[in-house]
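For reference, coords27.txt (compact mmCIF, C-alpha atoms and all ligand atoms):
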```
# COMPACT_ATOMS: atom_id res chain seq x y z
CA MET A 271 -3.57 40.15 38.83
CA SER A 272 -3.16 42.44 35.90
CA GLU A 273 -5.50 45.21 34.99
CA THR A 274 -5.39 48.30 32.89
CA THR A 275 -8.33 50.17 34.35
CA GLU A 276 -9.63 50.31 37.87
CA THR A 277 -13.14 50.08 39.28
CA TRP A 278 -14.34 52.68 41.77
CA PHE A 279 -18.05 53.44 41.98
CA ASP A 280 -21.35 52.05 40.72
CA GLN A 281 -19.79 49.05 39.02
CA PRO A 282 -19.23 45.60 40.55
CA LEU A 283 -15.95 43.74 40.26
CA ALA A 284 -16.19 39.96 39.99
CA PHE A 285 -13.22 37.83 40.98
CA THR A 286 -12.41 34.15 41.14
CA ILE A 287 -9.73 32.21 42.96
CA ALA A 288 -9.90 29.04 40.90
CA GLU A 289 -7.44 27.10 42.99
CA ARG A 290 -9.63 27.47 46.08
CA HIS A 291 -12.98 27.17 44.27
CA VAL A 292 -13.93 30.60 45.51
CA ARG A 293 -15.75 33.34 43.68
CA GLY A 294 -16.45 36.80 44.88
CA ARG A 295 -17.79 40.19 44.07
CA LEU A 296 -17.05 43.66 45.35
CA VAL A 297 -19.05 46.81 44.77
CA ARG A 298 -19.12 50.38 46.05
CA LEU A 299 -22.11 52.59 45.33
CA CYS A 300 -22.21 56.36 45.61
CA PRO A 301 -23.69 58.50 42.77
CA VAL A 302 -26.42 55.94 42.05
CA LEU A 303 -27.29 55.73 45.75
CA ASN A 304 -27.69 59.45 46.03
CA THR A 305 -29.89 59.54 42.95
CA ILE A 306 -32.12 56.92 44.58
CA MET A 307 -32.12 58.68 47.97
CA THR A 308 -32.99 62.13 46.58
CA ALA A 309 -36.47 60.90 45.64
CA HIS A 310 -37.09 60.44 49.38
CA SER A 311 -35.98 62.13 52.54
CA TYR A 312 -34.99 59.24 54.75
CA PRO A 313 -33.68 59.54 58.32
CA PRO A 314 -30.15 58.09 58.91
CA ALA A 315 -31.25 54.61 60.07
CA ALA A 316 -33.53 54.23 57.02
CA GLU A 317 -30.86 55.50 54.63
CA LYS A 318 -28.29 53.07 56.03
CA LEU A 319 -30.68 50.11 55.76
CA LEU A 320 -31.69 50.93 52.19
CA ALA A 321 -28.11 51.69 51.11
CA GLU A 322 -26.86 48.32 52.36
CA ALA A 323 -29.85 46.50 50.88
CA LEU A 324 -29.11 48.14 47.51
CA VAL A 325 -25.47 47.02 47.69
CA LEU A 326 -26.65 43.48 48.45
CA THR A 327 -29.08 43.70 45.52
CA VAL A 328 -26.19 44.55 43.17
CA LEU A 329 -23.93 41.82 44.62
CA LEU A 330 -26.61 39.19 44.00
CA GLY A 331 -28.23 40.67 40.88
CA SER A 332 -24.97 41.04 39.00
CA THR A 333 -24.46 37.26 39.23
CA LEU A 334 -27.40 36.84 36.80
CA LYS A 335 -26.01 36.19 33.36
CA ASP A 336 -28.89 36.51 30.91
CA ALA A 337 -30.25 39.89 29.80
CA GLY A 338 -33.69 40.58 31.20
CA SER A 339 -33.15 38.52 34.38
CA GLN A 340 -34.16 40.17 37.63
CA LEU A 341 -33.19 39.94 41.29
CA THR A 342 -35.66 41.16 43.90
CA LEU A 343 -35.13 41.60 47.63
CA GLN A 344 -38.25 42.06 49.69
CA ALA A 345 -38.21 42.33 53.46
CA GLN A 346 -41.48 42.07 55.29
CA THR A 347 -41.95 43.25 58.82
CA GLY A 348 -42.98 41.27 61.85
CA GLY A 349 -44.22 44.31 63.72
CA GLY A 350 -41.03 46.40 63.54
CA PRO A 351 -40.76 50.10 62.63
CA VAL A 352 -39.77 49.22 59.04
CA GLU A 353 -42.91 47.96 57.32
CA LEU A 354 -41.52 47.08 53.93
CA LEU A 355 -38.24 47.12 52.01
CA VAL A 356 -38.15 46.42 48.28
CA CYS A 357 -35.10 46.53 46.01
CA ASP A 358 -34.59 45.15 42.55
CA TYR A 359 -31.92 44.83 39.90
CA LYS A 360 -32.38 44.21 36.19
CA ASP A 361 -29.75 44.68 33.47
CA GLY A 362 -27.69 47.08 35.57
CA GLU A 363 -30.74 49.09 36.63
CA LEU A 364 -31.25 49.43 40.36
CA ARG A 365 -34.10 50.79 42.45
CA GLY A 366 -35.46 50.46 45.97
CA TYR A 367 -37.60 52.01 48.67
CA LEU A 368 -38.65 51.63 52.29
CA LYS A 369 -41.93 52.11 54.11
CA PHE A 370 -41.54 52.83 57.79
CA ASP A 371 -43.01 54.43 60.87
CA ALA A 372 -40.81 57.51 61.35
CA GLU A 373 -41.55 57.92 65.05
CA ARG A 374 -40.72 54.34 65.92
CA LEU A 375 -37.67 54.30 63.65
CA ALA A 376 -36.27 57.37 65.43
CA GLU A 377 -36.13 55.29 68.62
CA VAL A 378 -33.88 52.49 67.30
CA GLY A 379 -30.60 54.47 67.30
CA SER A 380 -27.97 54.69 64.58
CA ASP A 381 -26.85 51.05 64.40
CA PRO A 382 -29.92 48.88 65.02
CA THR A 383 -30.12 45.10 64.68
CA LEU A 384 -32.46 43.57 62.13
CA PHE A 385 -34.80 42.64 64.97
CA ALA A 386 -34.99 46.28 66.10
CA LEU A 387 -35.89 47.29 62.53
CA PHE A 388 -38.24 44.51 61.46
CA GLY A 389 -39.26 42.55 64.54
CA GLU A 390 -39.63 38.91 63.55
CA GLY A 391 -39.57 39.70 59.84
CA PHE A 392 -38.64 37.75 56.74
CA LEU A 393 -36.44 38.36 53.74
CA ALA A 394 -37.50 36.99 50.36
CA ILE A 395 -34.82 36.74 47.69
CA THR A 396 -36.15 36.07 44.21
CA PHE A 397 -34.16 35.27 41.08
CA ASP A 398 -36.15 35.55 37.83
CA GLN A 399 -34.18 33.90 35.03
CA ALA A 400 -35.05 35.49 31.70
CA ALA A 401 -33.68 32.75 29.43
CA THR A 402 -35.65 29.89 31.02
CA GLY A 403 -38.52 31.85 32.59
CA GLU A 404 -37.71 30.10 35.87
CA ARG A 405 -38.16 31.75 39.24
CA TYR A 406 -36.25 30.75 42.35
CA GLN A 407 -37.34 32.18 45.64
CA GLY A 408 -35.92 31.67 49.10
CA ILE A 409 -37.40 33.08 52.29
CA VAL A 410 -35.31 33.42 55.45
CA PRO A 411 -35.87 35.08 58.83
CA LEU A 412 -34.42 38.56 59.25
CA GLU A 413 -31.91 37.64 61.92
CA GLY A 414 -28.47 39.06 62.65
CA THR A 415 -26.89 42.47 62.65
CA SER A 416 -27.27 43.39 58.98
CA ILE A 417 -29.32 42.35 56.01
CA GLY A 418 -26.15 40.63 54.77
CA ASP A 419 -26.42 38.10 57.63
CA ALA A 420 -29.94 37.19 56.52
CA ALA A 421 -28.70 36.73 52.94
CA GLU A 422 -25.90 34.44 54.17
CA HIS A 423 -28.58 32.25 55.75
CA TYR A 424 -30.42 32.20 52.45
CA PHE A 425 -27.36 30.79 50.66
CA GLU A 426 -26.79 28.21 53.37
CA GLN A 427 -30.39 27.06 53.59
CA SER A 428 -31.77 27.41 50.07
CA GLU A 429 -28.68 27.13 47.91
CA GLN A 430 -26.32 25.21 50.18
CA ILE A 431 -23.46 27.48 49.19
CA PRO A 432 -21.12 28.58 52.01
CA SER A 433 -21.08 32.38 51.72
CA LEU A 434 -19.69 35.44 53.40
CA ILE A 435 -21.38 38.81 52.92
CA LYS A 436 -20.03 42.08 54.26
CA LEU A 437 -21.91 45.35 53.87
CA SER A 438 -21.00 48.82 55.07
CA SER A 439 -22.32 52.34 54.59
CA ARG A 440 -21.69 55.85 55.81
CA HIS A 441 -22.94 59.35 55.17
CA ASP A 442 -20.30 61.80 54.08
CA ALA A 443 -20.98 65.56 54.11
CA GLU A 444 -19.41 65.96 50.67
CA ALA A 445 -20.14 62.71 48.83
CA GLY A 446 -23.48 61.95 50.51
CA CYS A 447 -24.29 58.30 50.99
CA VAL A 448 -21.49 55.80 50.24
CA ALA A 449 -21.96 52.06 50.66
CA GLY A 450 -19.91 49.01 49.74
CA GLY A 451 -20.06 45.27 49.97
CA LEU A 452 -18.31 41.97 49.46
CA LEU A 453 -19.84 38.62 48.54
CA LEU A 454 -17.58 35.57 48.81
CA GLN A 455 -18.77 32.05 47.97
CA HIS A 456 -17.35 28.57 47.93
CA LEU A 457 -18.19 26.43 44.93
CA PRO A 458 -16.31 23.25 45.69
CA GLU A 459 -15.41 20.25 43.55
CA GLY A 460 -18.27 18.70 41.63
CA GLU A 461 -20.19 21.98 41.56
CA VAL A 462 -20.37 22.11 37.79
CA GLY A 463 -22.75 19.63 36.21
CA ARG A 464 -23.00 17.30 39.20
CA ASP A 465 -25.02 17.22 42.37
CA ARG A 466 -23.06 17.68 45.52
CA LEU A 467 -23.44 14.93 48.06
CA HIS A 468 -23.01 17.19 51.04
CA VAL A 469 -21.93 20.69 51.92
CA ARG A 470 -18.86 21.18 54.02
CA HIS A 471 -18.65 24.50 55.78
CA ASP A 472 -15.34 23.55 57.35
CA HIS A 473 -13.62 22.84 54.05
CA PRO A 474 -10.00 24.01 54.54
CA GLU A 475 -9.84 26.05 51.32
CA TRP A 476 -13.09 27.85 52.20
CA GLU A 477 -11.96 28.39 55.79
CA HIS A 478 -8.78 29.96 54.48
CA ALA A 479 -10.51 32.30 52.02
CA ARG A 480 -13.19 33.26 54.53
CA THR A 481 -10.67 34.02 57.27
CA ILE A 482 -8.83 36.36 54.92
CA ALA A 483 -12.04 38.07 53.74
CA GLU A 484 -13.15 38.56 57.36
CA THR A 485 -10.25 40.99 57.80
CA LEU A 486 -11.81 43.42 55.30
CA LYS A 487 -13.06 46.46 57.18
CA GLY A 488 -16.23 48.45 56.56
CA ASP A 489 -14.14 51.62 56.15
CA GLU A 490 -12.20 49.99 53.32
CA LEU A 491 -15.41 49.08 51.50
CA THR A 492 -16.56 52.72 51.56
CA ASP A 493 -13.14 54.37 51.09
CA PRO A 494 -13.38 56.43 47.87
CA ALA A 495 -9.58 56.43 47.51
CA THR A 496 -9.23 52.64 47.24
CA SER A 497 -10.20 50.92 44.00
CA LEU A 498 -11.98 47.57 44.12
CA GLU A 499 -8.96 45.96 42.43
CA THR A 500 -6.77 47.25 45.27
CA LEU A 501 -9.18 45.77 47.83
CA ALA A 502 -9.14 42.37 46.13
CA TRP A 503 -5.36 42.51 45.88
CA ARG A 504 -4.92 43.49 49.54
CA LEU A 505 -6.96 40.50 50.61
CA PHE A 506 -5.82 37.80 48.25
CA HIS A 507 -2.32 38.80 47.10
CA GLU A 508 -1.04 35.31 47.87
CA GLU A 509 -3.53 33.72 45.48
CA GLU A 510 -4.02 33.74 41.75
CA VAL A 511 -7.02 36.02 41.38
CA ARG A 512 -8.87 36.55 38.12
CA ILE A 513 -10.91 39.74 37.96
CA GLU A 514 -13.67 40.93 35.69
CA PRO A 515 -15.50 44.27 35.96
CA GLY A 516 -19.29 43.95 35.68
CA ALA A 517 -21.92 46.17 34.09
CA ALA A 518 -22.24 49.79 35.22
CA ILE A 519 -25.10 50.38 37.64
CA SER A 520 -27.67 53.10 37.07
CA ARG A 521 -30.86 54.06 38.77
CA GLY A 522 -33.77 52.74 36.76
CA CYS A 523 -37.50 52.48 37.17
CA ARG A 524 -40.16 51.14 34.83
CA CYS A 525 -42.69 53.80 35.76
CA SER A 526 -44.15 56.17 33.16
CA THR A 527 -47.63 57.24 32.24
CA GLY A 528 -47.41 54.98 29.20
CA TYR A 529 -46.29 51.98 31.27
CA PHE A 530 -49.14 52.40 33.76
CA ALA A 531 -51.64 52.93 30.93
CA GLY A 532 -50.55 49.52 29.59
CA VAL A 533 -50.98 47.87 33.01
CA LEU A 534 -54.38 49.49 33.59
CA ALA A 535 -55.55 48.46 30.13
CA LYS A 536 -55.68 44.88 31.45
CA PHE A 537 -58.38 45.82 34.00
CA PRO A 538 -62.10 45.72 33.04
CA GLU A 539 -63.38 49.11 31.93
CA ALA A 540 -65.89 49.39 34.80
CA GLU A 541 -63.09 48.90 37.35
CA ARG A 542 -60.97 51.54 35.67
CA ARG A 543 -63.87 54.00 35.84
CA ASP A 544 -64.15 53.30 39.59
CA MET A 545 -60.44 54.01 40.07
CA ALA A 546 -60.60 57.34 38.23
CA ASP A 547 -61.35 60.71 39.81
CA GLU A 548 -64.04 63.13 38.60
CA ALA A 549 -61.79 64.42 35.84
CA GLY A 550 -61.38 60.86 34.46
CA VAL A 551 -57.80 60.46 35.69
CA ILE A 552 -56.34 57.51 37.62
CA ARG A 553 -53.50 58.52 39.92
CA ILE A 554 -50.82 55.86 40.31
CA ASP A 555 -48.19 56.18 42.98
CA CYS A 556 -44.70 54.86 42.15
CA ALA A 557 -43.24 54.09 45.58
CA PHE A 558 -39.72 53.70 44.14
CA CYS A 559 -39.75 57.25 42.75
CA SER A 560 -42.08 58.83 45.30
CA ARG A 561 -44.04 60.26 42.37
CA ILE A 562 -47.67 60.28 41.34
CA PHE A 563 -48.45 59.50 37.71
CA PRO A 564 -51.80 60.83 36.45
CA VAL A 565 -53.14 58.43 33.81
CA PRO A 566 -56.14 59.74 31.86
CA LEU A 567 -58.79 57.10 31.05
CA ASP A 568 -58.70 57.91 27.34
CA GLU A 569 -54.96 57.20 27.27
CA ILE A 570 -55.67 53.77 28.76
CA SER A 571 -58.20 53.01 26.03
CA ALA A 572 -55.56 53.98 23.49
CA ALA A 573 -53.06 51.57 25.11
CA SER A 574 -55.45 48.60 25.05
ZN ZN B 601 -40.80 54.76 39.46
```
Show this structure as structure tokens.
Amino acid sequence: MSETTETWFDQPLAFTIAERHVRGRLVRLCPVLNTIMTAHSYPPAAEKLLAEALVLTVLLGSTLKDAGSQLTLQAQTGGGPVELLVCDYKDGELRGYLKFDAERLAEVGSDPTLFALFGEGFLAITFDQAATGERYQGIVPLEGTSIGDAAEHYFEQSEQIPSLIKLSSRHDAEAGCVAGGLLLQHLPEGEVGRDRLHVRHDHPEWEHARTIAETLKGDELTDPATSLETLAWRLFHEEEVRIEPGAAISRGCRCSTGYFAGVLAKFPEAERRDMADEAGVIRIDCAFCSRIFPVPLDEISAAS
């Protein structure tokens, strides 16, 4: 490996080990996470869940190549204390929120399983491809210890790509919330331009890469003193690894009074009047930002 700059926070690092048909991605989020978290006041179990889901969103979303493409993670409860989790990524912009029952969530402890959080819930992973307008969606049960386990199942079932996902987060008194993750995937021979006849999870080159990646510790993923290049090098120093830093991640939301006025303009006028209060204002709640946007009816007419 040769690199002139190093990657630390809020920017994914893509890497490929061509000889073993393996591609991967590392990311560590901190400032952007804290910007997202400050809009809410989440208890530790909720913060950890959302932080790791946001890392996963970046790992998957940053694989989208065309501008305007979007990756959405949505976890739906099966009677657990977490009612809803939504995260999305578009052009380096990241956002997410949780809806949960605070009393029930307080009972699950600091390191709950997915079942403790969601009950028999489901995770939907949606890729919206901007260039083709195509949408791919896979839905998998929320099973395992972290949301990364559920995403691994998605790749096995829907995409038939052997994958390893590691996610880790912690709360630091100084830095706040820090979370990191690794995505490793095997794209074996015939992947490009040809259909694969079968998927082999026991392929020796994948076994080798996965065994090495398994040694990566959660503390290393969240260690602010270790660059992502150093992590990749520690793991795969015996291989020829090509690295490529991805786009910087920022917190982004589409909400604004103008945006909501445009959305509301598509509703029939009578319905809009029903939604408005006595002063002629419709109040729209952006769950991502935990903010209410007052949209006056006359501004909606102007937007239509
Ligand atoms: Zn918003």
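Going from CA of Leu283 in chain A over to CA of Glu508 in chain A, you cover 18.7 Å.
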Hey, could you make a per-residue contact list for chain A against ligand ZN 601 (chain B) with 6 Å as the cut-off, showing the nearest pair of atoms and its distance in Å to one decimal, counting only C-alpha atoms and all ligand atoms, sorted by chain and number, as JSON lines?
```
{"residue": "A:Cys523", "atom": "CA", "partner": "B:ZN601", "partner_atom": "ZN", "distance": 4.6}
{"residue": "A:Arg524", "atom": "CA", "partner": "B:ZN601", "partner_atom": "ZN", "distance": 5.9}
{"residue": "A:Cys525", "atom": "CA", "partner": "B:ZN601", "partner_atom": "ZN", "distance": 4.3}
{"residue": "A:Cys556", "atom": "CA", "partner": "B:ZN601", "partner_atom": "ZN", "distance": 4.7}
{"residue": "A:Phe558", "atom": "CA", "partner": "B:ZN601", "partner_atom": "ZN", "distance": 4.9}
{"residue": "A:Cys559", "atom": "CA", "partner": "B:ZN601", "partner_atom": "ZN", "distance": 4.3}
```
Polymer residues at most 9 Å from Ala288 in chain A, all atoms listed in the file, same-chain spacing of 2 or more positions, as a ChimeraX atom specification
/A:286,290-293,510-512
In Å, how far is it from CA of Ala445 in chain A to CA of Ala517 in chain A?
22.2 Å
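Using all atoms listed in the file, the shortest contact distance between Val551 in chain A and any of A:Pro564, A:Gly403, A:Gly391, A:Gly362 is found at A:Pro564.
Closest to Val565 in chain A among A:Phe530, A:Thr500, A:Glu548, A:Lys335 is A:Phe530, based on all atoms listed in the file.
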Separation of CA of Tyr367 in chain A from CA of Leu326 in chain A in Å:
13.9 Å
Just the residues within 9 Å of range 342-346 of chain A, please, counting all atoms listed in the file, with nothing from its chain fewer than 2 positions along; format it as a ChimeraX atom specification.
/A:323-324,326-327,331,340,348,352-360,388,391-398,412
Please save C-alpha atoms of the selected residues as a PDB file, in the coordinates of the input.
```pdb
ATOM      1  CA  ALA A 323     -29.850  46.500  50.880  1.00  0.00           C
ATOM      2  CA  LEU A 324     -29.110  48.140  47.510  1.00  0.00           C
ATOM      3  CA  LEU A 326     -26.650  43.480  48.450  1.00  0.00           C
ATOM      4  CA  THR A 327     -29.080  43.700  45.520  1.00  0.00           C
ATOM      5  CA  GLY A 331     -28.230  40.670  40.880  1.00  0.00           C
ATOM      6  CA  GLN A 340     -34.160  40.170  37.630  1.00  0.00           C
ATOM      7  CA  GLY A 348     -42.980  41.270  61.850  1.00  0.00           C
ATOM      8  CA  VAL A 352     -39.770  49.220  59.040  1.00  0.00           C
ATOM      9  CA  GLU A 353     -42.910  47.960  57.320  1.00  0.00           C
ATOM     10  CA  LEU A 354     -41.520  47.080  53.930  1.00  0.00           C
ATOM     11  CA  LEU A 355     -38.240  47.120  52.010  1.00  0.00           C
ATOM     12  CA  VAL A 356     -38.150  46.420  48.280  1.00  0.00           C
ATOM     13  CA  CYS A 357     -35.100  46.530  46.010  1.00  0.00           C
ATOM     14  CA  ASP A 358     -34.590  45.150  42.550  1.00  0.00           C
ATOM     15  CA  TYR A 359     -31.920  44.830  39.900  1.00  0.00           C
ATOM     16  CA  LYS A 360     -32.380  44.210  36.190  1.00  0.00           C
ATOM     17  CA  PHE A 388     -38.240  44.510  61.460  1.00  0.00           C
ATOM     18  CA  GLY A 391     -39.570  39.700  59.840  1.00  0.00           C
ATOM     19  CA  PHE A 392     -38.640  37.750  56.740  1.00  0.00           C
ATOM     20  CA  LEU A 393     -36.440  38.360  53.740  1.00  0.00           C
ATOM     21  CA  ALA A 394     -37.500  36.990  50.360  1.00  0.00           C
ATOM     22  CA  ILE A 395     -34.820  36.740  47.690  1.00  0.00           C
ATOM     23  CA  THR A 396     -36.150  36.070  44.210  1.00  0.00           C
ATOM     24  CA  PHE A 397     -34.160  35.270  41.080  1.00  0.00           C
ATOM     25  CA  ASP A 398     -36.150  35.550  37.830  1.00  0.00           C
ATOM     26  CA  LEU A 412     -34.420  38.560  59.250  1.00  0.00           C
TER      27      LEU A 412
END
```
Kindly add N, CA and C atoms to the incomplete range 311-329 of chain A and provide the output as an mmCIF file, in the frame of the given file.
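Output (selection_39.cif):
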```
data_model
loop_
_atom_site.group_PDB
_atom_site.id
_atom_site.type_symbol
_atom_site.label_atom_id
_atom_site.label_comp_id
_atom_site.auth_asym_id
_atom_site.auth_seq_id
_atom_site.Cartn_x
_atom_site.Cartn_y
_atom_site.Cartn_z
ATOM 1 N N SER A 311 -36.839 61.501 51.528
ATOM 2 C CA SER A 311 -35.980 62.130 52.540
ATOM 3 C C SER A 311 -35.981 61.210 53.748
ATOM 4 N N TYR A 312 -35.042 60.284 53.742
ATOM 5 C CA TYR A 312 -34.990 59.240 54.750
ATOM 6 C C TYR A 312 -34.130 59.660 55.942
ATOM 7 N N PRO A 313 -34.549 59.328 57.152
ATOM 8 C CA PRO A 313 -33.680 59.540 58.320
ATOM 9 C C PRO A 313 -32.485 58.585 58.249
ATOM 10 N N PRO A 314 -31.399 58.867 59.035
ATOM 11 C CA PRO A 314 -30.150 58.090 58.910
ATOM 12 C C PRO A 314 -30.322 56.575 58.991
ATOM 13 N N ALA A 315 -31.125 56.071 59.935
ATOM 14 C CA ALA A 315 -31.250 54.610 60.070
ATOM 15 C C ALA A 315 -31.907 53.997 58.835
ATOM 16 N N ALA A 316 -32.855 54.723 58.228
ATOM 17 C CA ALA A 316 -33.530 54.230 57.020
ATOM 18 C C ALA A 316 -32.580 54.278 55.830
ATOM 19 N N GLU A 317 -31.811 55.367 55.740
ATOM 20 C CA GLU A 317 -30.860 55.500 54.630
ATOM 21 C C GLU A 317 -29.826 54.382 54.668
ATOM 22 N N LYS A 318 -29.309 54.112 55.871
ATOM 23 C CA LYS A 318 -28.290 53.070 56.030
ATOM 24 C C LYS A 318 -28.856 51.693 55.625
ATOM 25 N N LEU A 319 -30.059 51.399 56.086
ATOM 26 C CA LEU A 319 -30.680 50.110 55.760
ATOM 27 C C LEU A 319 -30.878 49.974 54.253
ATOM 28 N N LEU A 320 -31.438 51.018 53.631
ATOM 29 C CA LEU A 320 -31.690 50.930 52.190
ATOM 30 C C LEU A 320 -30.384 50.876 51.408
ATOM 31 N N ALA A 321 -29.393 51.673 51.824
ATOM 32 C CA ALA A 321 -28.110 51.690 51.110
ATOM 33 C C ALA A 321 -27.476 50.296 51.115
ATOM 34 N N GLU A 322 -27.476 49.646 52.278
ATOM 35 C CA GLU A 322 -26.860 48.320 52.360
ATOM 36 C C GLU A 322 -27.680 47.268 51.617
ATOM 37 N N ALA A 323 -28.993 47.423 51.640
ATOM 38 C CA ALA A 323 -29.850 46.500 50.880
ATOM 39 C C ALA A 323 -29.610 46.667 49.377
ATOM 40 N N LEU A 324 -29.373 47.898 48.934
ATOM 41 C CA LEU A 324 -29.110 48.140 47.510
ATOM 42 C C LEU A 324 -27.765 47.546 47.097
ATOM 43 N N VAL A 325 -26.774 47.641 47.977
ATOM 44 C CA VAL A 325 -25.470 47.020 47.690
ATOM 45 C C VAL A 325 -25.644 45.504 47.569
ATOM 46 N N LEU A 326 -26.385 44.924 48.498
ATOM 47 C CA LEU A 326 -26.650 43.480 48.450
ATOM 48 C C LEU A 326 -27.379 43.106 47.154
ATOM 49 N N THR A 327 -28.329 43.940 46.756
ATOM 50 C CA THR A 327 -29.080 43.700 45.520
ATOM 51 C C THR A 327 -28.137 43.643 44.313
ATOM 52 N N VAL A 328 -27.155 44.551 44.282
ATOM 53 C CA VAL A 328 -26.190 44.550 43.170
ATOM 54 C C VAL A 328 -25.283 43.320 43.254
ATOM 55 N N LEU A 329 -24.815 42.987 44.466
ATOM 56 C CA LEU A 329 -23.930 41.820 44.620
ATOM 57 C C LEU A 329 -24.609 40.560 44.101
#
```
